[in-house]
Every structure is written in structure tokens, then in C-alpha cells.
>>> print(open('target-v8.cif').read())   # mmCIF, C-alpha atoms
data_target
loop_
_atom_site.group_PDB
_atom_site.id
_atom_site.type_symbol
_atom_site.label_atom_id
_atom_site.label_comp_id
_atom_site.auth_asym_id
_atom_site.auth_seq_id
_atom_site.Cartn_x
_atom_site.Cartn_y
_atom_site.Cartn_z
ATOM 1 C CA MET Q 1477 -19.234 33.904 -7.563
ATOM 2 C CA THR Q 1478 -21.339 30.750 -7.306
ATOM 3 C CA PRO Q 1479 -21.589 28.927 -4.019
ATOM 4 C CA HIS Q 1480 -19.834 25.573 -3.880
ATOM 5 C CA ARG Q 1481 -22.267 22.743 -3.320
ATOM 6 C CA THR Q 1482 -21.232 19.662 -1.508
ATOM 7 C CA HIS Q 1483 -22.997 16.383 -1.757
ATOM 8 C CA THR Q 1484 -23.572 14.740 1.568
ATOM 9 C CA ALA Q 1485 -24.050 11.043 1.926
ATOM 10 C CA PRO Q 1486 -27.195 9.727 3.543
ATOM 11 C CA ALA Q 1487 -26.990 9.374 7.315
ATOM 12 C CA GLY Q 1488 -26.760 5.570 7.218
ATOM 13 C CA ALA Q 1489 -24.067 5.460 4.520
ATOM 14 C CA ALA Q 1490 -21.211 6.168 6.930
ATOM 15 C CA ASP Q 1491 -22.429 3.414 9.255
ATOM 16 C CA ARG Q 1492 -22.639 0.908 6.374
ATOM 17 C CA THR Q 1493 -19.133 1.825 5.205
ATOM 18 C CA LEU Q 1494 -17.708 1.412 8.703
ATOM 19 C CA ALA Q 1495 -19.442 -1.947 9.091
ATOM 20 C CA ARG Q 1496 -18.053 -3.082 5.734
ATOM 21 C CA ASP Q 1497 -14.539 -1.987 6.719
ATOM 22 C CA LEU Q 1498 -14.658 -3.699 10.114
ATOM 23 C CA ALA Q 1499 -16.433 -6.891 9.023
ATOM 24 C CA LEU Q 1500 -13.271 -8.928 8.400
ATOM 25 C CA PRO Q 1501 -11.508 -8.053 11.692
ATOM 26 C CA LEU Q 1502 -14.731 -8.547 13.642
ATOM 27 C CA GLY Q 1503 -15.296 -11.840 11.827
ATOM 28 C CA ALA Q 1504 -11.838 -12.991 12.907
ATOM 29 C CA VAL Q 1505 -12.672 -12.041 16.491
ATOM 30 C CA GLY Q 1506 -15.958 -13.937 16.142
ATOM 31 C CA ALA Q 1507 -14.110 -17.006 14.855
ATOM 32 C CA THR Q 1508 -11.703 -16.769 17.780
ATOM 33 C CA LEU Q 1509 -14.561 -16.593 20.268
ATOM 34 C CA LEU Q 1510 -16.343 -19.461 18.518
ATOM 35 C CA VAL Q 1511 -13.252 -21.674 18.658
ATOM 36 C CA THR Q 1512 -12.737 -20.791 22.319
ATOM 37 C CA ALA Q 1513 -16.342 -21.659 23.150
ATOM 38 C CA LEU Q 1514 -16.091 -24.932 21.219
ATOM 39 C CA MET Q 1515 -12.876 -25.900 22.996
ATOM 40 C CA LEU Q 1516 -14.264 -25.059 26.442
ATOM 41 C CA THR Q 1517 -17.482 -27.002 25.888
ATOM 42 C CA GLY Q 1518 -15.921 -29.953 24.095
ATOM 43 C CA GLY Q 1519 -17.762 -29.026 20.910
ATOM 44 C CA THR Q 1520 -14.710 -29.647 18.779
ATOM 45 C CA ALA Q 1521 -15.590 -33.350 18.879
ATOM 46 C CA HIS Q 1522 -18.650 -32.576 16.747
ATOM 47 C CA ALA Q 1523 -16.913 -31.327 13.610
ATOM 48 C CA PRO Q 1524 -20.031 -31.319 11.353
ATOM 49 C CA VAL Q 1525 -21.951 -29.133 13.811
ATOM 50 C CA ALA Q 1526 -18.952 -26.851 14.206
ATOM 51 C CA LEU Q 1527 -18.647 -26.629 10.417
ATOM 52 C CA ALA Q 1528 -22.297 -25.579 10.161
ATOM 53 C CA VAL Q 1529 -21.736 -22.859 12.771
ATOM 54 C CA PHE Q 1530 -18.612 -21.665 10.943
ATOM 55 C CA ALA Q 1531 -20.611 -21.606 7.696
ATOM 56 C CA LEU Q 1532 -23.223 -19.386 9.347
ATOM 57 C CA LEU Q 1533 -20.480 -17.113 10.647
ATOM 58 C CA THR Q 1534 -18.974 -16.969 7.151
ATOM 59 C CA VAL Q 1535 -22.328 -16.029 5.614
ATOM 60 C CA ALA Q 1536 -22.882 -13.324 8.235
ATOM 61 C CA VAL Q 1537 -19.452 -11.766 7.784
ATOM 62 C CA SER Q 1538 -19.684 -12.004 3.980
ATOM 63 C CA LEU Q 1539 -23.015 -10.165 4.122
ATOM 64 C CA LEU Q 1540 -21.350 -7.257 5.915
ATOM 65 C CA ALA Q 1541 -17.909 -7.215 4.276
ATOM 66 C CA ARG Q 1542 -16.907 -5.652 1.007
ATOM 67 C CA PRO Q 1543 -17.393 -8.203 -1.816
ATOM 68 C CA VAL Q 1544 -13.702 -8.126 -2.707
ATOM 69 C CA LEU Q 1545 -12.904 -9.427 0.804
ATOM 70 C CA MET Q 1546 -15.044 -12.551 0.467
ATOM 71 C CA PRO Q 1547 -12.058 -14.848 -0.269
ATOM 72 C CA ALA Q 1548 -10.293 -13.509 2.837
ATOM 73 C CA VAL Q 1549 -13.425 -14.083 4.935
ATOM 74 C CA VAL Q 1550 -13.616 -17.692 3.724
ATOM 75 C CA LEU Q 1551 -9.903 -18.238 4.291
ATOM 76 C CA VAL Q 1552 -10.026 -16.886 7.868
ATOM 77 C CA SER Q 1553 -13.045 -19.059 8.690
ATOM 78 C CA TRP Q 1554 -11.416 -22.105 7.167
ATOM 79 C CA MET Q 1555 -8.117 -21.537 9.001
ATOM 80 C CA PHE Q 1556 -9.864 -21.331 12.366
ATOM 81 C CA TYR Q 1557 -12.080 -24.321 11.616
ATOM 82 C CA ASP Q 1558 -9.284 -26.462 10.194
ATOM 83 C CA GLY Q 1559 -6.636 -25.475 12.685
ATOM 84 C CA PHE Q 1560 -8.647 -25.690 15.884
ATOM 85 C CA VAL Q 1561 -11.671 -27.923 15.223
ATOM 86 C CA VAL Q 1562 -10.388 -30.520 12.751
ATOM 87 C CA ASN Q 1563 -6.710 -30.714 13.706
ATOM 88 C CA GLN Q 1564 -7.043 -29.284 17.252
ATOM 89 C CA ARG Q 1565 -3.422 -28.161 17.497
ATOM 90 C CA SER Q 1566 -3.552 -25.084 15.273
ATOM 91 C CA ASP Q 1567 -2.093 -27.154 12.420
ATOM 92 C CA LEU Q 1568 -3.386 -26.573 8.924
ATOM 93 C CA ALA Q 1569 -3.542 -29.593 6.657
ATOM 94 C CA PHE Q 1570 -5.114 -30.521 3.387
ATOM 95 C CA GLN Q 1571 -6.512 -33.977 4.039
ATOM 96 C CA PRO Q 1572 -10.012 -34.913 2.784
ATOM 97 C CA GLN Q 1573 -11.773 -33.542 5.896
ATOM 98 C CA ASP Q 1574 -9.815 -30.284 5.556
ATOM 99 C CA ARG Q 1575 -10.863 -29.926 1.924
ATOM 100 C CA THR Q 1576 -14.469 -30.676 2.869
ATOM 101 C CA GLY Q 1577 -14.429 -27.758 5.296
ATOM 102 C CA LEU Q 1578 -13.096 -25.456 2.601
ATOM 103 C CA LEU Q 1579 -15.662 -26.726 0.081
ATOM 104 C CA VAL Q 1580 -18.474 -25.949 2.544
ATOM 105 C CA LEU Q 1581 -17.195 -22.527 3.613
ATOM 106 C CA LEU Q 1582 -16.492 -21.281 0.080
ATOM 107 C CA PRO Q 1583 -20.125 -21.502 -1.105
ATOM 108 C CA ALA Q 1584 -21.220 -19.994 2.221
ATOM 109 C CA GLY Q 1585 -19.030 -16.965 1.546
ATOM 110 C CA VAL Q 1586 -20.233 -16.724 -2.050
ATOM 111 C CA ALA Q 1587 -23.862 -16.922 -0.890
ATOM 112 C CA GLY Q 1588 -23.357 -14.185 1.682
ATOM 113 C CA ALA Q 1589 -21.542 -11.881 -0.721
ATOM 114 C CA GLY Q 1590 -24.105 -12.591 -3.458
ATOM 115 C CA CYS Q 1591 -27.038 -11.771 -1.187
ATOM 116 C CA ALA Q 1592 -25.353 -8.563 -0.062
ATOM 117 C CA ALA Q 1593 -24.694 -7.573 -3.687
ATOM 118 C CA ALA Q 1594 -28.333 -8.258 -4.583
ATOM 119 C CA VAL Q 1595 -29.561 -6.104 -1.704
ATOM 120 C CA ARG Q 1596 -27.230 -3.267 -2.747
ATOM 121 C CA ALA Q 1597 -28.437 -3.531 -6.352
ATOM 122 C CA VAL Q 1598 -32.067 -3.329 -5.252
ATOM 123 C CA ARG Q 1599 -31.302 -0.298 -3.086
ATOM 124 C CA ARG Q 1600 -29.570 1.444 -5.989
ATOM 125 C CA HIS Q 1601 -32.292 0.681 -8.512
ATOM 126 C CA PRO Q 1602 -35.650 0.532 -6.733
ATOM 127 C CA ALA Q 1603 -38.618 -0.845 -8.640
ATOM 128 C CA ARG Q 1604 -40.570 1.841 -10.449
#
>>> encode(input="target-v8.cif", output="C-alpha cells")
Amino acid sequence: MTPHRTHTAPAGAADRTLARDLALPLGAVGATLLVTALMLTGGTAHAPVALAVFALLTVAVSLLARPVLMPAVVLVSWMFYDGFVVNQRSDLAFQPQDRTGLLVLLPAGVAGAGCAAAVRAVRRHPAR
């Protein structure tokens, strides 16, 4: 009778998987806190600055999330930005400024997911 061997994942693998699974919900919480802070400080009047901060949040969450969730990350960021910063009454619209927000957040999500994929590829295939 041969002993059954089990393959164990590296110690950090479970932490990375958990972070990837929780990235989208934590990103939504981050967007909620960001909107709240902007509304309390009057920062919603500065839509371009708020858009830049939302783009940074989108990149950060896309770096952590599973690549397949990148469209959801962008959509959540855009909904919070559009609903609370641009329209300020939780209304979603598709006017030119609303489309601009989406066109800024989409490349931010793609950049974050692309960088994360590149890092994972380098980790899987280290230089020899």
C-alpha cells in the first residue's frame, strides 16, 4: 500500500485567494466610504478630482480581484461615481459627463487587471 501524497499550497496562496475573493465587496465598501467622505467635505463639487480618486480605487481593486471580475469592479466604481458625484441624487444617467466617467474608469480597470496578470505570469514563470 503506497501512502497518499497531498500537495499543499504555499502559505501565501490562501491569503491571495481570499484577497481575490473579497476584493469586489471590499471595493464596494471603499467606494461607499469614498462617496461619504466626498459628500461630507463638499468634494463632490470637484468631479474631475473625484474621478481621479475613483480611477485609483478602480486600479487598486482590479489589482486584487480575479481578472474575470474586472468589468464588475469598473461598473461598481462607475455607479458610485455617476450616482453620487456627478448626479448627486443616486440617479444613473448616460449624458456626456456620465460616459466620460465610464471611459476613464474602464481603462483604469483594464490597467489594474493587466498589471495583476503580468505579475502572476512572472511569478509562474520566473526568469531562468
>>> closest_residue(input="target-v8.cif", among="Q:Leu1498, Q:Val1561, Q:Val1537, Q:Met1555", to="Ala1513 in chain Q", atoms="all atoms listed in the file")
Q:Val1561
>>> atom_distance(input="target-v8.cif", atom1="CA of Val1586 in chain Q", atom2="CA of Met1546 in chain Q")
7.1 Å
>>> resolve_selection(input="target-v8.cif", expression="the PyMOL selection byres ((chain Q and resi 1508) around 12)", output="PyMOL selection string")
chain Q and resi 1501-1507+1509-1515+1530+1533+1552-1557+1559-1561+1566
>>> atom_distance(input="target-v8.cif", atom1="CA of Val1580 in chain Q", atom2="CA of Thr1493 in chain Q")
27.9 Å
>>> resolve_selection(input="target-v8.cif", expression="the PyMOL selection byres ((chain Q and resi 1587) around 10)", output="PyMOL selection string")
chain Q and resi 1534-1536+1538-1539+1546+1581-1586+1588-1593
>>> atom_distance(input="target-v8.cif", atom1="CA of Ala1548 in chain Q", atom2="CA of Leu1568 in chain Q")
16.0 Å
>>> closest_residue(input="target-v8.cif", among="Q:Ala1523, Q:Ala1597, Q:Leu1551, Q:Ala1495", to="Gln1573 in chain Q", atoms="all atoms listed in the file")
Q:Ala1523
>>> axis_aligned_box(input="target-v8.cif", around="range 1584-1597 of chain Q", padding_each_side="3 Å", output="JSON")
{"center_x": -24.3, "center_y": -11.6, "center_z": -2.1, "size_x": 16.5, "size_y": 22.7, "size_z": 14.6}
>>> residues_around(input="target-v8.cif", residues="range 1570-1572 of chain Q", least_positions_apart="3", cutoff="12 Å", atoms="only C-alpha atoms", output="MDAnalysis selection string")
chainID Q and resid 1554:1555 1558:1559 1562:1563 1567 1575:1579
